[in-house]
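Asks: Sharing a structure below in structure tokens format, with a few things to ask.
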Amino acid sequence: MESIDLTLQPADADDQLTAFLISPAGTAAFAVPLPAQLGQLHQVWLRRFLAHHDSGGDKIPPATVREYGNGLCSAMASWLQQPQWQPLRTALEQLPDLPLRLRCSGTAPLIERLPWEALPLGRPIWRLDGPPAAAAPSAPQRTMRRPRLLLLVGDEHDLDLSADIAQLERLSRQRRIELVSLRGQACSLAGLRTALHDPQGWDVLVFIGHSAGDPQGGGRLQLGDASWLGGHALQSELQQAGSHGLSLVLLNSCAGLDLARCCTSAGIPWALCFREAVPTHAASLAFTALLEQLEQGMEFTAALEQVRRTLAASGPVGSELLLSAMGAANATELVLPLSARQRFWLRLAASKRTQAIAAAALVSLGAVGELLPGNPLSTYLLDRRLYVQRLWRQATSQGSPTGPPLAVLLLDERRAYPALGVTPTPGRVARAALAEVLRRTSPTAVPVVGLDVVFDEQAPNTDQLADVIRQQQRQRVVGGWFGADTIAPKPGFISKPLGELSQAGLLAGNLAVGTTGAAGRDRQPMPLRLTEAITADNFAAALTTLSNPRLPPEAVIDWSIDWLPLITLINVEDLPALQAQALVVGTDGRIDTDQADLFQAPGAIRPDLPSWGGAGDVLPGALVQAVLAQSMTLGHWLTPSPLPAVSALSAGLGVLLAAAVPRRRQRIPYLLTTAALTIPLCLQVAISRRILIPIALPLTAAATTALIRRD
């Protein structure tokens with residue numbers, strides 16, 4: 001982070017210090033006088049501070065301690081107003097928003113023991129120690145997991161540490177932190193070394209107990225087994241803990257400056273301590289206030305300023321002047337996400353670029369599926385969806401729409417032609433067979449007949465068919481023709497019925513089924529999602545009684561319903577007694593030698609095909625026309641939700657899940673639960689509301705963006 005760095009070290013003259021100033025405004029080196037009077041003021045204040053808090057000595061009034069403390073701070077401020085400090089004052093004026101970091105290198109102990117943090121400079125101030133920034137090991141990127149805290153409880157023989165321990169245990173019960181405590185005999189050198197070697201790493205190390213200064217040994221602390229341990233004895237373990245993410249050491253003890261320096265020298269970014277002996281209540285209050293600020297999401301340096309104000313307002317008098325933070329040269333601002341909400345927002349802000357790439361790829365795939373719904377992948381997924389939807393209908397005993405059935409007669413040369421007494425016409429539908437079907441069907445009992453045949457060329461017995469149409473004066477007789485976009489021989493207006501039949505009253509209906517065809521194949525793709533609207537110009541619309549029949553583009557035919565009661569296949573023998581609103585006359589799909597009139601059957605309808613007397617995987621075109629007609633008559637089709645939008649929403653939910661649940665394996669149950677809830681819900685919405693919410697791609701998007709993040 002950007003800062004103003006002030007380094008003080010001995011000068012050649014005994015009564016001077018050399019100051020080195022580094023900031024974004026530039027660098028400077030200058031000499032300042034050594035403030036001998038400050039040493040005396042510090043000693044006088046410290047003696048009164050210790051005497052006031054010594055229960056066994058003469059009581060010093062708190063006002064006296066406060067007065068001497070204010071005098072010490074005023075003397076320090078006056079020292080900085082001397083002309084020699086002008087480079088520092090200039091940098092502070094030019095850079096009012098930057099913190100001041102102080103490094104005391106080889107100076108007399110007096111300089112480091114002064115309360116620099118109490119200077120009224122209007123910015124955070126902390127101590128600087130540890131290796132230079134260029135040589136400092138880089139800490140791993142924070143995972144925004146629940147902070148892992150290692151609590152060391154020192155010898156409790158003459159201390160009551162229960163309040164501080166209870167506060168951490170409360171956070172642990174609330175699952176705000178992951179707490180491991182070493183207490184009593186477990187808090188030993190061996191136990192501490194083992195804990196610091198934990199490969200999961202720690203975020204915070206907290207020591208509560210007695211400590212003492214020891215510049216040569218890196219400070220000392222008393223462990224729970226009553227043994228004393230020097231900081232340098234743990235140097236390698238602290239370095240390893242720092243490389244595994246240990247970011248903060250809280251020394252809730254006395255005279256912890258040497259221990260704090262030992263920690264930052266090992267590469268740990270931050271350490272907080274009291275420079276001198278303080279009452280137990282001061283250390284406990286500082287610890288409590290710091291945790292409260294961190295719980296609210298405050299940055300460590302800002303929380304430190306609030307802790308000082310709390311100590312000054314309600315802590316043991318003068319204790320705020322002894323609180324110091326030590327930062328390593330490479331320390332960055334620290335935020336401990338102690339609440340689930342904080343962790344969530346911090347992790348969300350740290351979402352990975354790979355998640356955005358994966359989401360963009362899947363949304364693009366959804367866009368392709370939306371623009372080209374006939375692509376093989378979309379067709380396969382939609383077919384499987386309708387099949388599962390049919391199973392859901394059956395499992396939940398949900399009925400299908402009901403209405404008058406539509407009769408369908410499929411002509412074939414092996415059974416229907418002999419029954420009609422007609423000789424086949426090679427490669428074409430025998431028009432004599434169509435004429436005979438009309439003769440055997442009552443015009444009043446069956447007012448509408450659709451002939452799923454194209455009459456665009458001369459053929460034998462055309463006159464017979466024209467005579468029957470003319471004589472019966474049926475309400476409507478419709479023949480087929482190929483629309484301009486149809487994959488068929490001679491598409492367009494040239495395929496409309498020739499003059500003799502049209503003059504007899506044969507109407508023309510476009511045989512297009514609203515889906516993309518495939519040339520040169522023995523069967524057309526599954527008729528699932530329409531790409532073109534089915535309107536009054538289409539053959540299927542002529543079979544309805546609606547005044548303005550229409551199937552909108554992008555509608556999905558609901559093959560999951562039970563079509564058997566809605567479409568009745570009849571035989572030639574049934575024609576004389578037939579009573580129906582409409583009759584569709586088609587073929588088995590194999591009579592026309594130019595192009596088979598067969599469609600690949602959707603998976604949901606295949607179990608019913610044997611009941612219709614057909615093969616298990618193909619559907620004659622006449623049955624497709626009948627399904628389209630009944631869909632319009634019943635007003636029953638599925639409206640798909642926008643696939644890119646639903647996929648984008650699901651990908652976003654995956655990003656949110658990855659932010660909310662740090663551990664990758666723990667996200668899997670959430671994803672499985674989501675799938676278990678959303679799949680039945682989407683199926684039910686499709687059945688009850690006829691809104692087709694996609695399942696496969698959105699769930700894939702959610703799972704991908706949730707699991708691709710590994711931190």
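By convention here, the chains of the structure tokens are called A, B, ... in the order presented, each chain's residues are numbered starting at 1, and ligands are numbered starting at 1 in the order presented.
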Residues of stretch 495-654 of chain A in strand (DSSP E or B) according to DSSP, as a VMD selection string?
Replies: chain A and resid 506 to 510 524 529 534 538 551 556 567 to 570 582 to 587 598 to 600 618 to 620 638 to 640
Asks: Give me, as JSON lines, the closest atom pair and its distance (Å, one decimal) for every residue of stretch 488-570 of chain A within a cut-off of 8 Å of stretch 380-398 of chain A, counting only C-alpha atoms, rows sorted by chain and rising number.
Replies:
```
{"residue": "A:Leu528", "atom": "CA", "partner": "A:Asp383", "partner_atom": "CA", "distance": 7.5}
{"residue": "A:Asp558", "atom": "CA", "partner": "A:Leu386", "partner_atom": "CA", "distance": 7.3}
{"residue": "A:Trp559", "atom": "CA", "partner": "A:Leu386", "partner_atom": "CA", "distance": 6.5}
{"residue": "A:Ser560", "atom": "CA", "partner": "A:Arg390", "partner_atom": "CA", "distance": 4.3}
{"residue": "A:Ile561", "atom": "CA", "partner": "A:Arg390", "partner_atom": "CA", "distance": 6.6}
```
Asks: Restricted to N, CA and C atoms, what would the selected residues look like written as a compact mmCIF listing (two decimals), in the first residue's frame?
Replies:
```
# COMPACT_ATOMS: atom_id res chain seq x y z
N LEU A 528 -40.41 -30.72 -33.07
CA LEU A 528 -40.50 -30.34 -31.66
C LEU A 528 -40.80 -28.85 -31.51
N ASP A 558 -46.30 -30.21 -27.43
CA ASP A 558 -46.25 -30.95 -26.18
C ASP A 558 -46.50 -32.43 -26.45
N TRP A 559 -45.44 -33.13 -26.80
CA TRP A 559 -45.55 -34.57 -27.06
C TRP A 559 -45.69 -35.37 -25.78
N SER A 560 -45.62 -34.70 -24.61
CA SER A 560 -45.70 -35.45 -23.36
C SER A 560 -47.13 -35.82 -22.98
N ILE A 561 -48.12 -35.23 -23.62
CA ILE A 561 -49.51 -35.55 -23.26
C ILE A 561 -49.92 -36.85 -23.95
```
Asks: Which residue, A:Pro576, A:Pro316, A:Pro418, A:Gly224, has the smallest gap to A:Leu182 when you use only C-alpha atoms?
Replies: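 Closest candidate: A:Gly224.
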Asks: Of the candidates A:Gln167, A:Gln82, A:Asn330, A:Ser647, which shows the shortest atom-to-atom distance to A:Leu365, using only C-alpha atoms?
Replies: A:Ser647
Asks: Env of A:Met298: 9 Å cut, atoms = only C-alpha atoms, seq-sep filter 4 positions within chain, self excluded. Answer as a PyMOL selection string.
Replies: chain A and resi 293-294+302-303+334-336
Asks: Determine, counting only C-alpha atoms, which protein, DNA and RNA residues have an atom within 8 Å of an atom of A:Pro565; residues of the same chain fewer than 3 positions away are not included. Present the result as a ChimeraX atom specification.
Replies: /A:402,405,562,568
Asks: Pick out the residues sitting within 8 Å of A:Leu119, and hand them over as a short mmCIF file (atom, residue, chain, number, x, y, z; two decimals) with C-alpha atoms, in the first residue's frame; count only C-alpha atoms, and ignore anything fewer than 4 positions along from it in its own chain.
Replies:
```
data_model
loop_
_atom_site.label_atom_id
_atom_site.label_comp_id
_atom_site.auth_asym_id
_atom_site.auth_seq_id
_atom_site.Cartn_x
_atom_site.Cartn_y
_atom_site.Cartn_z
CA CYS A 73 2.56 14.03 23.59
CA MET A 76 6.72 15.17 20.87
CA ALA A 77 4.55 17.45 18.73
CA PRO A 115 4.07 7.03 21.82
#
```
Asks: Restricting the calculation to only C-alpha atoms: of A:Val204, A:Leu638, A:Ile111, A:Ala706, which residue gets closest to A:Ala651?
Replies: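 With only C-alpha atoms as the atom set, the closest residue is A:Ala706.
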Asks: For A:His52, please output as an MDAnalysis selection string all residues within 7 Å (counting only C-alpha atoms; exclusion window: fewer than 5 positions along the same chain).
Replies: chainID A and resid 59:61
Asks: Excluding A:Ala349 and residues on its chain fewer than 3 positions from it, collect all residues at most 12 Å away from it, counting only C-alpha atoms, and give them as a ChimeraX atom specification.
Replies: /A:143-144,342-346,352-353,655-656,658-660
Asks: Would you save the residues from that selection as a PDB file, in the first residue's frame, using N, CA and C atoms?
Replies:
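Heads up, here's the output in selection-v1.pdb:
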```pdb
ATOM      1  N   THR A 143      -8.428 -16.397   0.892  1.00  0.00           N
ATOM      2  CA  THR A 143      -9.513 -17.193   0.322  1.00  0.00           C
ATOM      3  C   THR A 143     -10.886 -16.703   0.761  1.00  0.00           C
ATOM      4  N   MET A 144     -10.958 -15.760   1.676  1.00  0.00           N
ATOM      5  CA  MET A 144     -12.226 -15.290   2.225  1.00  0.00           C
ATOM      6  C   MET A 144     -13.022 -16.424   2.865  1.00  0.00           C
ATOM      7  N   GLN A 342     -20.036 -10.593   5.539  1.00  0.00           N
ATOM      8  CA  GLN A 342     -18.782 -10.020   5.069  1.00  0.00           C
ATOM      9  C   GLN A 342     -18.051 -10.987   4.151  1.00  0.00           C
ATOM     10  N   ARG A 343     -17.945 -12.227   4.587  1.00  0.00           N
ATOM     11  CA  ARG A 343     -17.225 -13.206   3.772  1.00  0.00           C
ATOM     12  C   ARG A 343     -17.879 -13.347   2.410  1.00  0.00           C
ATOM     13  N   PHE A 344     -19.207 -13.325   2.426  1.00  0.00           N
ATOM     14  CA  PHE A 344     -19.905 -13.477   1.150  1.00  0.00           C
ATOM     15  C   PHE A 344     -19.593 -12.325   0.210  1.00  0.00           C
ATOM     16  N   TRP A 345     -19.713 -11.089   0.697  1.00  0.00           N
ATOM     17  CA  TRP A 345     -19.483  -9.944  -0.184  1.00  0.00           C
ATOM     18  C   TRP A 345     -18.029  -9.852  -0.612  1.00  0.00           C
ATOM     19  N   LEU A 346     -17.115 -10.180   0.288  1.00  0.00           N
ATOM     20  CA  LEU A 346     -15.703 -10.137  -0.086  1.00  0.00           C
ATOM     21  C   LEU A 346     -15.368 -11.214  -1.115  1.00  0.00           C
ATOM     22  N   LYS A 352     -13.781 -15.146  -9.771  1.00  0.00           N
ATOM     23  CA  LYS A 352     -12.683 -15.414 -10.691  1.00  0.00           C
ATOM     24  C   LYS A 352     -13.049 -15.114 -12.140  1.00  0.00           C
ATOM     25  N   ARG A 353     -12.002 -14.791 -12.883  1.00  0.00           N
ATOM     26  CA  ARG A 353     -12.173 -14.532 -14.319  1.00  0.00           C
ATOM     27  C   ARG A 353     -12.639 -15.796 -15.042  1.00  0.00           C
ATOM     28  N   VAL A 655     -22.163 -18.450  -9.371  1.00  0.00           N
ATOM     29  CA  VAL A 655     -21.159 -17.523  -8.838  1.00  0.00           C
ATOM     30  C   VAL A 655     -21.484 -17.172  -7.393  1.00  0.00           C
ATOM     31  N   LEU A 656     -22.757 -16.923  -7.098  1.00  0.00           N
ATOM     32  CA  LEU A 656     -23.164 -16.607  -5.728  1.00  0.00           C
ATOM     33  C   LEU A 656     -22.905 -17.782  -4.788  1.00  0.00           C
ATOM     34  N   ALA A 658     -20.600 -20.114  -5.147  1.00  0.00           N
ATOM     35  CA  ALA A 658     -19.157 -20.210  -4.927  1.00  0.00           C
ATOM     36  C   ALA A 658     -18.672 -19.161  -3.954  1.00  0.00           C
ATOM     37  N   ALA A 659     -19.315 -17.995  -3.947  1.00  0.00           N
ATOM     38  CA  ALA A 659     -18.935 -16.949  -2.991  1.00  0.00           C
ATOM     39  C   ALA A 659     -19.422 -17.279  -1.589  1.00  0.00           C
ATOM     40  N   ALA A 660     -20.585 -17.900  -1.486  1.00  0.00           N
ATOM     41  CA  ALA A 660     -21.169 -18.185  -0.174  1.00  0.00           C
ATOM     42  C   ALA A 660     -20.544 -19.401   0.500  1.00  0.00           C
TER      43      ALA A 660
END
```
